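Here is input_39.txt, consisting of compact mmCIF, C-alpha atoms and all ligand atoms:
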```txt
# COMPACT_ATOMS: atom_id res chain seq x y z
CA MET A 1 75.04 83.84 41.16
CA PRO A 2 72.42 86.51 41.88
CA LEU A 3 72.85 88.36 45.17
CA LYS A 4 69.78 86.89 46.85
CA GLU A 5 70.86 83.32 46.14
CA ARG A 6 74.37 83.99 47.48
CA ILE A 7 72.86 85.34 50.69
CA ASP A 8 70.50 82.37 51.02
CA SER A 9 73.20 79.80 50.57
CA LEU A 10 75.47 81.51 53.15
CA LEU A 11 72.52 81.74 55.52
CA GLU A 12 71.82 78.08 55.15
CA GLU A 13 75.48 77.35 55.84
CA ALA A 14 75.51 79.60 58.95
CA ARG A 15 72.47 77.83 60.38
CA LYS A 16 73.85 74.37 59.79
CA ILE A 17 77.54 74.86 60.43
CA LYS A 18 79.19 72.89 63.25
CA LEU A 19 82.38 74.62 64.25
CA SER A 20 84.45 72.10 66.13
CA SER A 21 87.23 74.29 67.52
CA LEU A 22 88.14 77.91 68.18
CA GLU A 23 90.53 77.88 65.19
CA GLU A 24 87.79 76.66 62.90
CA SER A 25 85.48 79.35 64.21
CA GLU A 26 88.14 82.02 63.63
CA LYS A 27 88.68 80.85 60.04
CA TYR A 28 84.96 80.96 59.45
CA ARG A 29 84.74 84.46 60.98
CA ILE A 30 87.50 85.73 58.68
CA ARG A 31 85.94 84.12 55.63
CA ILE A 32 82.52 85.65 56.25
CA LEU A 33 82.99 88.74 58.42
CA GLY A 34 86.64 89.61 57.69
CA LYS A 35 87.68 92.70 55.76
CA LYS A 36 87.81 90.85 52.48
CA GLY A 37 85.11 88.43 53.58
CA GLU A 38 81.79 87.45 51.99
CA MET A 39 79.77 89.90 54.00
CA ASN A 40 81.65 92.94 52.74
CA LYS A 41 81.40 91.67 49.19
CA LEU A 42 77.65 91.28 49.61
CA PHE A 43 77.34 94.79 51.02
CA GLU A 44 79.39 96.10 48.12
CA ASP A 45 76.99 94.47 45.63
CA PHE A 46 74.03 95.59 47.68
CA LYS A 47 74.76 99.16 46.54
CA GLN A 48 73.71 98.13 43.00
CA VAL A 49 70.37 96.62 44.03
CA GLU A 50 67.28 98.31 42.57
CA PRO A 51 65.30 100.35 45.10
CA GLU A 52 62.25 98.06 45.16
CA LEU A 53 64.36 95.03 46.19
CA ARG A 54 66.48 96.87 48.75
CA LYS A 55 64.24 96.28 51.71
CA SER A 56 63.95 92.52 51.36
CA ILE A 57 67.62 92.02 50.48
CA GLY A 58 68.70 94.33 53.31
CA GLN A 59 66.68 92.21 55.75
CA ALA A 60 68.21 89.01 54.36
CA LEU A 61 71.69 90.48 54.82
CA ASN A 62 70.98 91.33 58.45
CA GLU A 63 69.59 87.89 59.05
CA LEU A 64 72.77 86.40 57.64
CA LYS A 65 74.98 88.56 59.81
CA THR A 66 73.09 87.55 62.96
CA ALA A 67 73.22 83.85 62.09
CA VAL A 68 76.98 84.02 61.47
CA GLN A 69 77.56 85.83 64.78
CA GLU A 70 75.48 83.26 66.62
CA ALA A 71 77.49 80.39 65.15
CA ILE A 72 80.73 82.06 66.24
CA GLN A 73 79.38 82.79 69.72
CA LYS A 74 78.35 79.17 70.10
CA ALA A 75 81.89 78.04 69.31
CA LYS A 76 83.20 80.51 71.93
CA ASP A 77 80.81 79.11 74.51
CA ASP A 78 81.77 75.54 73.70
CA PHE A 79 85.54 75.91 73.44
CA GLY A 80 86.52 79.32 74.88
CA LYS A 81 88.29 79.82 78.24
CA ASP A 82 85.02 80.79 79.93
CA LYS A 83 83.52 77.53 78.79
CA GLY A 84 81.04 76.14 81.27
CA ALA A 85 81.47 79.19 83.53
CA SER A 86 78.43 78.49 85.62
CA PRO A 87 78.74 79.33 89.33
CA ALA A 88 78.84 75.65 90.21
CA ALA A 89 81.66 74.75 87.81
CA ASP A 90 84.44 75.53 90.31
CA LEU A 91 82.65 74.09 93.25
CA ASP A 92 84.37 71.01 94.55
CA LEU A 93 82.32 69.86 97.49
CA SER A 94 84.87 67.25 98.48
CA ARG A 95 87.66 69.82 98.96
CA PRO A 96 88.69 70.39 102.60
CA ALA A 97 87.55 73.77 103.95
CA ASP A 98 90.46 76.20 104.04
CA SER A 99 88.72 79.14 105.69
CA GLU A 100 89.07 79.73 109.41
CA ILE A 101 86.17 80.03 111.77
CA GLY A 102 85.66 83.68 112.69
CA HIS A 103 85.59 85.07 116.22
CA ARG A 104 84.62 88.15 118.19
CA HIS A 105 86.45 91.41 117.57
CA PRO A 106 89.05 92.09 120.32
CA LEU A 107 87.12 95.14 121.50
CA SER A 108 83.95 93.05 121.77
CA GLN A 109 85.87 90.43 123.73
CA ILE A 110 87.06 93.06 126.21
CA ARG A 111 83.64 94.62 126.46
CA GLU A 112 82.11 91.24 127.19
CA GLU A 113 84.74 90.56 129.84
CA ILE A 114 83.79 93.89 131.48
CA TYR A 115 80.11 92.83 131.38
CA ARG A 116 81.03 89.51 132.98
CA ILE A 117 83.06 91.09 135.79
CA PHE A 118 80.44 93.66 136.73
CA GLY A 119 77.58 91.25 136.03
CA LYS A 120 78.88 89.12 138.92
CA ILE A 121 78.22 92.00 141.33
CA GLY A 122 74.79 92.85 140.00
CA PHE A 123 75.38 95.43 137.25
CA ASP A 124 72.98 95.28 134.31
CA ILE A 125 73.40 96.99 130.93
CA SER A 126 71.72 100.18 129.70
CA ASP A 127 71.60 101.55 126.21
CA GLY A 128 71.13 104.99 124.70
CA PRO A 129 71.32 106.80 121.35
CA GLU A 130 74.56 107.80 119.61
CA ILE A 131 72.99 111.04 118.41
CA GLU A 132 72.23 112.94 121.55
CA ASP A 133 70.80 116.31 122.56
CA ASP A 134 72.64 118.97 124.51
CA TRP A 135 70.68 118.36 127.69
CA HIS A 136 71.58 114.66 128.06
CA LEU A 137 75.12 115.20 126.83
CA PHE A 138 76.15 118.31 128.77
CA THR A 139 73.55 120.31 130.67
CA ALA A 140 72.15 117.52 132.87
CA LEU A 141 75.73 116.42 133.55
CA ASN A 142 76.53 119.79 135.08
CA PHE A 143 78.74 121.09 132.25
CA PRO A 144 79.04 124.87 132.47
CA PRO A 145 77.83 126.74 129.35
CA GLU A 146 81.37 127.71 128.33
CA HIS A 147 82.86 124.22 128.71
CA PRO A 148 85.18 123.33 125.78
CA ALA A 149 83.24 120.11 125.01
CA ARG A 150 80.46 122.40 123.80
CA ASP A 151 82.84 123.69 121.16
CA MET A 152 82.87 122.51 117.52
CA GLN A 153 86.56 121.75 117.89
CA ASP A 154 85.86 118.91 120.29
CA THR A 155 82.38 117.74 119.39
CA PHE A 156 80.71 116.75 116.12
CA PHE A 157 77.47 118.70 116.06
CA VAL A 158 74.60 117.44 113.96
CA GLU A 159 72.60 120.62 114.59
CA LYS A 160 73.78 123.87 116.17
CA ASN A 161 70.69 125.46 117.48
CA GLY A 162 71.02 127.65 120.57
CA ASN A 163 70.29 125.56 123.63
CA ASN A 164 68.93 122.71 121.55
CA ASP A 165 72.15 121.47 119.97
CA VAL A 166 72.25 117.90 118.72
CA ALA A 167 75.60 116.09 118.54
CA LEU A 168 77.24 112.71 118.15
CA ARG A 169 77.74 111.71 121.77
CA THR A 170 81.19 112.51 123.13
CA HIS A 171 80.80 110.10 126.03
CA THR A 172 78.32 107.51 127.26
CA SER A 173 77.65 109.55 130.41
CA SER A 174 74.50 110.67 128.57
CA VAL A 175 73.19 107.13 129.06
CA GLN A 176 73.62 107.54 132.84
CA ILE A 177 71.19 110.46 132.63
CA ARG A 178 68.69 108.50 130.56
CA THR A 179 68.96 105.56 132.95
CA MET A 180 68.47 107.66 136.10
CA MET A 181 65.42 109.24 134.50
CA SER A 182 63.82 105.98 133.42
CA LYS A 183 64.83 103.11 135.70
CA PRO A 184 63.63 102.62 139.27
CA LEU A 185 66.14 103.01 142.12
CA PRO A 186 68.46 101.48 143.16
CA ILE A 187 70.44 101.52 139.91
CA ARG A 188 73.48 99.41 139.23
CA THR A 189 74.22 99.56 135.54
CA LEU A 190 76.84 99.68 132.79
CA CYS A 191 76.48 102.09 129.87
CA PRO A 192 78.57 100.82 126.96
CA GLY A 193 78.83 102.30 123.50
CA ARG A 194 80.61 104.09 120.73
CA VAL A 195 81.53 107.73 121.25
CA TYR A 196 82.77 110.43 118.88
CA ARG A 197 85.29 113.25 119.23
CA ASN A 198 86.41 115.79 116.70
CA GLU A 199 90.06 114.72 116.65
CA ALA A 200 92.58 114.27 113.85
CA VAL A 201 93.05 110.51 113.43
CA SER A 202 96.47 109.24 114.54
CA ALA A 203 97.94 106.26 116.37
CA ARG A 204 96.91 107.80 119.69
CA ALA A 205 93.62 109.51 118.86
CA HIS A 206 90.63 108.57 116.77
CA CYS A 207 87.42 110.34 115.88
CA PHE A 208 85.48 107.47 117.46
CA PHE A 209 86.19 104.95 120.17
CA HIS A 210 84.33 102.85 122.73
CA GLN A 211 83.50 103.44 126.34
CA VAL A 212 81.91 101.52 129.16
CA GLU A 213 80.57 103.63 132.00
CA GLY A 214 79.25 102.36 135.28
CA LEU A 215 76.71 103.90 137.62
CA TYR A 216 75.56 102.88 141.07
CA VAL A 217 72.88 104.92 142.84
CA ASP A 218 71.33 103.84 146.12
CA LYS A 219 70.94 104.99 149.72
CA GLY A 220 74.29 105.31 151.48
CA VAL A 221 76.66 104.66 148.54
CA SER A 222 80.10 105.93 149.56
CA TYR A 223 83.53 106.57 148.13
CA ALA A 224 84.70 103.38 149.90
CA ASP A 225 82.19 101.41 147.78
CA LEU A 226 83.59 103.03 144.64
CA ARG A 227 87.11 102.10 145.63
CA GLU A 228 86.23 98.50 146.48
CA VAL A 229 84.29 97.96 143.27
CA LEU A 230 87.09 99.38 141.13
CA MET A 231 89.71 97.36 143.00
CA TYR A 232 87.68 94.21 142.37
CA PHE A 233 87.37 95.11 138.68
CA ALA A 234 91.11 95.80 138.27
CA LYS A 235 92.07 92.48 139.85
CA GLU A 236 89.60 90.50 137.73
CA MET A 237 90.65 92.27 134.54
CA PHE A 238 94.41 92.56 134.99
CA GLY A 239 95.24 89.83 137.52
CA SER A 240 94.95 89.32 141.26
CA ASN A 241 98.22 91.09 142.11
CA THR A 242 97.14 94.31 140.44
CA LYS A 243 97.56 97.43 142.57
CA ILE A 244 95.43 100.51 142.02
CA ARG A 245 95.66 104.14 143.02
CA LEU A 246 93.11 106.93 142.82
CA ARG A 247 94.36 110.41 141.94
CA PRO A 248 92.21 113.50 142.49
CA SER A 249 90.81 114.84 139.23
CA TYR A 250 87.93 116.87 137.88
CA PHE A 251 84.78 116.01 135.96
CA PRO A 252 81.74 118.30 135.93
CA PHE A 253 79.40 115.43 136.82
CA THR A 254 81.24 113.93 139.80
CA GLU A 255 82.35 115.44 143.09
CA PRO A 256 84.86 114.43 144.29
CA SER A 257 86.37 113.10 141.06
CA ALA A 258 89.34 110.83 140.56
CA GLU A 259 91.32 109.00 137.93
CA MET A 260 92.32 105.45 138.57
CA ASP A 261 95.76 104.10 137.70
CA ILE A 262 96.90 100.51 137.87
CA ALA A 263 100.49 99.52 138.52
CA CYS A 264 102.05 99.14 135.08
CA SER A 265 101.47 95.59 133.89
CA ILE A 266 104.62 95.63 131.76
CA CYS A 267 107.29 96.67 134.26
CA GLY A 268 105.38 95.82 137.45
CA GLY A 269 105.82 99.38 138.72
CA LYS A 270 109.56 99.85 138.12
CA GLY A 271 109.05 102.30 135.25
CA CYS A 272 109.10 101.69 131.46
CA ALA A 273 108.13 103.27 128.15
CA LEU A 274 104.45 102.33 128.50
CA CYS A 275 104.09 104.03 131.89
CA LYS A 276 106.56 106.76 130.91
CA GLY A 277 108.78 105.82 133.83
CA THR A 278 106.08 106.40 136.46
CA GLY A 279 105.20 102.79 137.18
CA TRP A 280 101.47 103.60 136.83
CA VAL A 281 99.05 103.71 133.88
CA GLU A 282 95.71 105.48 133.86
CA ILE A 283 92.69 103.34 133.09
CA LEU A 284 89.55 105.24 134.00
CA GLY A 285 87.83 108.33 135.37
CA CYS A 286 85.43 108.10 138.29
CA GLY A 287 83.83 109.89 141.19
CA MET A 288 80.76 110.39 143.37
CA VAL A 289 77.82 111.51 141.26
CA ASP A 290 77.45 115.28 141.77
CA PRO A 291 74.24 116.02 143.74
CA ASN A 292 73.27 118.49 140.97
CA VAL A 293 73.25 115.61 138.48
CA LEU A 294 71.03 113.49 140.73
CA GLU A 295 68.64 116.41 141.18
CA ASN A 296 68.61 117.08 137.40
CA CYS A 297 67.29 113.54 137.02
CA GLY A 298 64.67 113.94 139.71
CA ILE A 299 66.55 111.96 142.39
CA ASP A 300 66.59 113.34 145.92
CA SER A 301 70.28 113.89 146.66
CA LYS A 302 69.64 114.07 150.40
CA VAL A 303 68.40 110.50 150.39
CA TYR A 304 70.39 108.93 147.57
CA SER A 305 74.04 109.02 146.57
CA GLY A 306 75.98 107.28 143.86
CA PHE A 307 79.26 106.69 142.15
CA ALA A 308 80.13 106.58 138.48
CA PHE A 309 83.11 105.60 136.42
CA GLY A 310 83.99 105.56 132.75
CA MET A 311 86.67 103.73 130.81
CA GLY A 312 87.84 103.48 127.23
CA VAL A 313 87.70 99.95 125.82
CA GLU A 314 90.60 100.64 123.42
CA ARG A 315 92.69 101.82 126.36
CA ILE A 316 92.17 98.52 128.18
CA ALA A 317 92.95 96.62 124.96
CA ASN A 318 96.13 98.63 124.66
CA LEU A 319 97.19 97.63 128.17
CA LEU A 320 96.24 93.98 127.85
CA TYR A 321 97.51 93.34 124.34
CA ARG A 322 99.97 96.17 123.90
CA VAL A 323 98.28 97.43 120.75
CA ASN A 324 99.32 101.04 120.73
CA ASP A 325 97.89 102.13 117.40
CA LEU A 326 94.18 102.80 117.82
CA ARG A 327 93.57 102.70 114.08
CA LEU A 328 94.18 98.96 113.96
CA PHE A 329 90.92 98.31 115.77
CA SER A 330 88.78 99.75 113.00
CA GLU A 331 90.74 98.79 109.90
CA ASN A 332 89.40 95.23 109.82
CA ASP A 333 92.72 93.76 108.72
CA VAL A 334 92.42 90.00 109.23
CA ARG A 335 96.18 89.71 109.90
CA PHE A 336 95.62 91.87 112.98
CA LEU A 337 92.23 90.54 114.05
CA SER A 338 93.12 86.87 113.80
CA GLN A 339 95.65 87.24 116.63
CA PHE A 340 93.01 87.60 119.31
N1 LIG A 401 82.79 110.87 130.63
C1 LIG A 401 84.21 110.86 130.88
C2 LIG A 401 84.95 110.98 129.56
O1 LIG A 401 84.36 110.72 128.55
C3 LIG A 401 84.65 109.62 131.57
C4 LIG A 401 84.09 109.53 132.94
C5 LIG A 401 84.76 110.06 133.99
C6 LIG A 401 82.89 108.91 133.16
C7 LIG A 401 84.26 109.99 135.26
C8 LIG A 401 82.36 108.82 134.44
C9 LIG A 401 83.05 109.39 135.49
O2 LIG A 401 81.21 108.25 134.69
O3 LIG A 401 82.55 109.31 136.74
O4 LIG A 401 86.09 111.32 129.55
```
The structure in this file should be written as structure tokens.
Ligand code: DAH
Amino acid sequence: MPLKERIDSLLEEARKIKLSSLEESEKYRIRILGKKGEMNKLFEDFKQVEPELRKSIGQALNELKTAVQEAIQKAKDDFGKDKGASPAADLDLSRPADSEIGHRHPLSQIREEIYRIFGKIGFDISDGPEIEDDWHLFTALNFPPEHPARDMQDTFFVEKNGNNDVALRTHTSSVQIRTMMSKPLPIRTLCPGRVYRNEAVSARAHCFFHQVEGLYVDKGVSYADLREVLMYFAKEMFGSNTKIRLRPSYFPFTEPSAEMDIACSICGGKGCALCKGTGWVEILGCGMVDPNVLENCGIDSKVYSGFAFGMGVERIANLLYRVNDLRLFSENDVRFLSQF
């Protein structure tokens, strides 16, 4: 049979063929496209075709090849393992739901509990940027020029630029400054947010964590007010029998400054691994706002006074839930998160 007629009859077959299983399709593929198949024979004979017929016969050959491939593909679609693989194929709407309802992240839960406790005594919430300039981060807060926080080893700088450095905030005390400069007095506010420190990541340190700071500025605010407010907070957060103590400390932006400990919630003050045998665990830093800081924000320190405090949310979570590896809070492992 002349070449052209052989091609035409195979083409007609390819267009009409109904392959009714994968095996049938495979046999067909081998017969036509296999090594010793019809197609190779046709191509072999094609070499002998006179030049003027080459173009039309070449086109016919290509047409045949496409038609054969389409027939094989159709069989794959009809009988292959991906058969009917439309997105809805696996959807059984009558199946009971096996996914759990999500919930707030443990750190968000603690942060919201802090909002609730201070909200009851009139504290609102203030916000500020995570990328902060030197003035709001250090200078206005009374940090001396040579303070180690102004060093690359402790702070992630975005721009190092003389007195106009820009950094990822190392604490949310910068929001206190922004609040004192923008809100009318008296101020009673919380400044929550993520903060960044240039630390090697380990169970005990992370390059970011979360703080909530508090600030109260009014006429006649005293250290006794600070103590009462923090005592109230500790009892609400850790239970009504919680004891607190304030130890003298130092922060550039408060004078006097203190750190607050609560009696260890694990051993009740007898001494254990968590409190390293002391019976006390530190939970926050605090103090009376340094008059310089008030003045830097345009507040008359002879008329107004204030207190401030700052706590780490992870630290509180550690004490409440005994999670002592900070990394767990940002790994998003459902096995960990679903416990809260
Ligand atoms: N900014 C301090 C820190 O990041 C925490 C702190 C201490 C905040 C005392 C305060 C404060 O407002 O009064 O370590």
Nearby residues, ligand LIG 401 (chain A), 8 Å, only C-alpha atoms and all ligand atoms, as a PyMOL selection string: chain A and resi 170-173+176+211+213-215+251+253-254+257-259+284-289+307-311
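Nearest residue to A:Gly269, choosing from A:Arg247, A:Asp90, A:Ser174, A:Asn241 and counting all atoms listed in the file: A:Asn241.
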Using only C-alpha atoms, find each residue of stretch 42-152 of chain A with at least one atom at most 8 Å away from an atom of stretch 314-318 of chain A; report its shortest atom-to-atom pair and that distance in Å (one decimal), sort the rows by chain and rising residue number, and return the result as JSON lines.
```
{"residue": "A:Pro106", "atom": "CA", "partner": "A:Ala317", "partner_atom": "CA", "distance": 7.6}
{"residue": "A:Leu107", "atom": "CA", "partner": "A:Glu314", "partner_atom": "CA", "distance": 6.8}
{"residue": "A:Ile110", "atom": "CA", "partner": "A:Ala317", "partner_atom": "CA", "distance": 7.0}
```
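Between atom CA of A:Ile32 and atom CA of A:Glu13 the separation is 10.9 Å.
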So what do you get for atom CA of A:Ala71 versus atom CA of A:Ile7, distance-wise? 16.0 Å
Per-axis box centre and lengths in Å around stretch 139-156 of chain A, 3 Å margin per side, axis-aligned, as lines of an AutoDock Vina configuration file:
```
center_x = 79.4
center_y = 122.1
center_z = 125.6
size_x = 20.4
size_y = 17.3
size_z = 25.0
```
Choose the residue, out of A:Leu3, A:Leu93, A:Met237, A:Val221, that has the smallest atom-to-atom separation from A:Arg188; count all atoms listed in the file. A:Val221
If we count all atoms listed in the file and set the cut-off at 10 Å, which residues sit around A:Phe156, ignoring sequence neighbours fewer than 3 positions away in its own chain? Please answer as a compact mmCIF listing (two decimals) with C-alpha atoms, in the frame of the given file.
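Written output follows (part.txt):
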```
# COMPACT_ATOMS: atom_id res chain seq x y z
CA ILE A 131 72.99 111.04 118.41
CA ALA A 149 83.24 120.11 125.01
CA ARG A 150 80.46 122.40 123.80
CA ASP A 151 82.84 123.69 121.16
CA MET A 152 82.87 122.51 117.52
CA GLN A 153 86.56 121.75 117.89
CA GLU A 159 72.60 120.62 114.59
CA LYS A 160 73.78 123.87 116.17
CA VAL A 166 72.25 117.90 118.72
CA ALA A 167 75.60 116.09 118.54
CA LEU A 168 77.24 112.71 118.15
CA ARG A 169 77.74 111.71 121.77
CA THR A 170 81.19 112.51 123.13
CA TYR A 196 82.77 110.43 118.88
CA ARG A 197 85.29 113.25 119.23
CA ASN A 198 86.41 115.79 116.70
CA GLU A 199 90.06 114.72 116.65
CA CYS A 207 87.42 110.34 115.88
```
Residues at most 7 Å from stretch 117-123 of chain A, counting only C-alpha atoms, excluding those fewer than 6 positions away in the same chain, as a VMD selection string? chain A and resid 188 to 190 233 236
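Minimum distance to A:Ser330 across A:Lys219, A:Cys297, A:Asn62, A:His105 (counting all atoms listed in the file) occurs at A:His105.
Atom to atom, atom CA of A:Lys81 and atom CA of A:Lys65 stand 24.4 Å apart.
Distances to A:Asp165 were evaluated for A:Val195, A:Leu137, A:Val212, A:Leu91 using all atoms listed in the file, and the minimum falls at A:Leu137.
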Residues within 10 Å of stretch 39-55 of chain A, please, as a VMD selection string. Count all atoms listed in the file; anything in the same chain fewer than 3 positions from it doesn't count. chain A and resid 2 to 4 6 to 7 10 30 to 36 58 to 62 64 to 65 68
Contacts of A:Asn292 at 10 Å or less, counting all atoms listed in the file, minus same-chain residues fewer than 5 places along, as number ranges by chain? A: 140-142, 252-255, 297-301
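Restricting the calculation to all atoms listed in the file, the smallest distance between A:Tyr216 and any of A:Pro145, A:Gly80, A:Pro248, A:Pro186 is found for A:Pro186.
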Taking the partial coordinates given, rebuild stretch 120-129 of chain A to contain all heavy atoms; return it as an mmCIF file, in the frame of the given file.
```
data_model
loop_
_atom_site.group_PDB
_atom_site.id
_atom_site.type_symbol
_atom_site.label_atom_id
_atom_site.label_comp_id
_atom_site.auth_asym_id
_atom_site.auth_seq_id
_atom_site.Cartn_x
_atom_site.Cartn_y
_atom_site.Cartn_z
ATOM 1 N N LYS A 120 78.771 89.955 137.720
ATOM 2 C CA LYS A 120 78.880 89.120 138.920
ATOM 3 C C LYS A 120 78.494 89.893 140.184
ATOM 4 O O LYS A 120 78.149 89.300 141.198
ATOM 5 C CB LYS A 120 80.312 88.585 139.059
ATOM 6 C CG LYS A 120 80.474 87.292 138.281
ATOM 7 C CD LYS A 120 81.858 86.722 138.193
ATOM 8 C CE LYS A 120 82.753 86.687 139.371
ATOM 9 N NZ LYS A 120 84.047 86.068 139.100
ATOM 10 N N ILE A 121 78.612 91.229 140.143
ATOM 11 C CA ILE A 121 78.220 92.000 141.330
ATOM 12 C C ILE A 121 76.950 92.825 141.054
ATOM 13 O O ILE A 121 76.739 93.880 141.632
ATOM 14 C CB ILE A 121 79.380 92.886 141.860
ATOM 15 C CG1 ILE A 121 79.954 93.776 140.758
ATOM 16 C CG2 ILE A 121 80.471 92.023 142.465
ATOM 17 C CD1 ILE A 121 80.943 94.828 141.268
ATOM 18 N N GLY A 122 76.150 92.323 140.125
ATOM 19 C CA GLY A 122 74.790 92.850 140.000
ATOM 20 C C GLY A 122 74.583 94.023 139.055
ATOM 21 O O GLY A 122 73.534 94.658 139.085
ATOM 22 N N PHE A 123 75.579 94.324 138.202
ATOM 23 C CA PHE A 123 75.380 95.430 137.250
ATOM 24 C C PHE A 123 74.670 94.912 136.000
ATOM 25 O O PHE A 123 75.082 93.909 135.419
ATOM 26 C CB PHE A 123 76.733 96.034 136.843
ATOM 27 C CG PHE A 123 77.293 97.006 137.853
ATOM 28 C CD1 PHE A 123 77.816 96.563 139.062
ATOM 29 C CD2 PHE A 123 77.293 98.375 137.591
ATOM 30 C CE1 PHE A 123 78.323 97.460 139.994
ATOM 31 C CE2 PHE A 123 77.800 99.272 138.514
ATOM 32 C CZ PHE A 123 78.324 98.813 139.727
ATOM 33 N N ASP A 124 73.617 95.614 135.585
ATOM 34 C CA ASP A 124 72.980 95.280 134.310
ATOM 35 C C ASP A 124 73.497 96.230 133.227
ATOM 36 O O ASP A 124 74.446 96.979 133.475
ATOM 37 C CB ASP A 124 71.438 95.301 134.429
ATOM 38 C CG ASP A 124 70.911 96.684 134.763
ATOM 39 O OD1 ASP A 124 71.695 97.668 134.722
ATOM 40 O OD2 ASP A 124 69.703 96.810 135.064
ATOM 41 N N ILE A 125 72.885 96.191 132.035
ATOM 42 C CA ILE A 125 73.400 96.990 130.930
ATOM 43 C C ILE A 125 72.306 97.934 130.424
ATOM 44 O O ILE A 125 71.158 97.521 130.243
ATOM 45 C CB ILE A 125 73.887 96.073 129.783
ATOM 46 C CG1 ILE A 125 75.098 95.278 130.276
ATOM 47 C CG2 ILE A 125 74.257 96.877 128.538
ATOM 48 C CD1 ILE A 125 75.471 94.117 129.414
ATOM 49 N N SER A 126 72.680 99.196 130.227
ATOM 50 C CA SER A 126 71.720 100.180 129.700
ATOM 51 C C SER A 126 72.216 100.714 128.375
ATOM 52 O O SER A 126 73.411 100.783 128.131
ATOM 53 C CB SER A 126 71.570 101.345 130.681
ATOM 54 O OG SER A 126 71.172 100.868 131.936
ATOM 55 N N ASP A 127 71.268 101.112 127.557
ATOM 56 C CA ASP A 127 71.600 101.550 126.210
ATOM 57 C C ASP A 127 71.035 102.948 125.964
ATOM 58 O O ASP A 127 70.072 103.335 126.602
ATOM 59 C CB ASP A 127 70.957 100.548 125.223
ATOM 60 C CG ASP A 127 71.648 100.582 123.880
ATOM 61 O OD1 ASP A 127 72.719 101.210 123.784
ATOM 62 O OD2 ASP A 127 71.101 99.985 122.941
ATOM 63 N N GLY A 128 71.648 103.659 125.044
ATOM 64 C CA GLY A 128 71.130 104.990 124.700
ATOM 65 C C GLY A 128 71.579 105.366 123.302
ATOM 66 O O GLY A 128 72.426 104.679 122.717
ATOM 67 N N PRO A 129 71.037 106.453 122.753
ATOM 68 C CA PRO A 129 71.320 106.800 121.350
ATOM 69 C C PRO A 129 72.717 107.400 121.141
ATOM 70 O O PRO A 129 73.272 108.031 122.050
ATOM 71 C CB PRO A 129 70.258 107.849 121.027
ATOM 72 C CG PRO A 129 69.913 108.455 122.345
ATOM 73 C CD PRO A 129 70.106 107.394 123.384
#
```
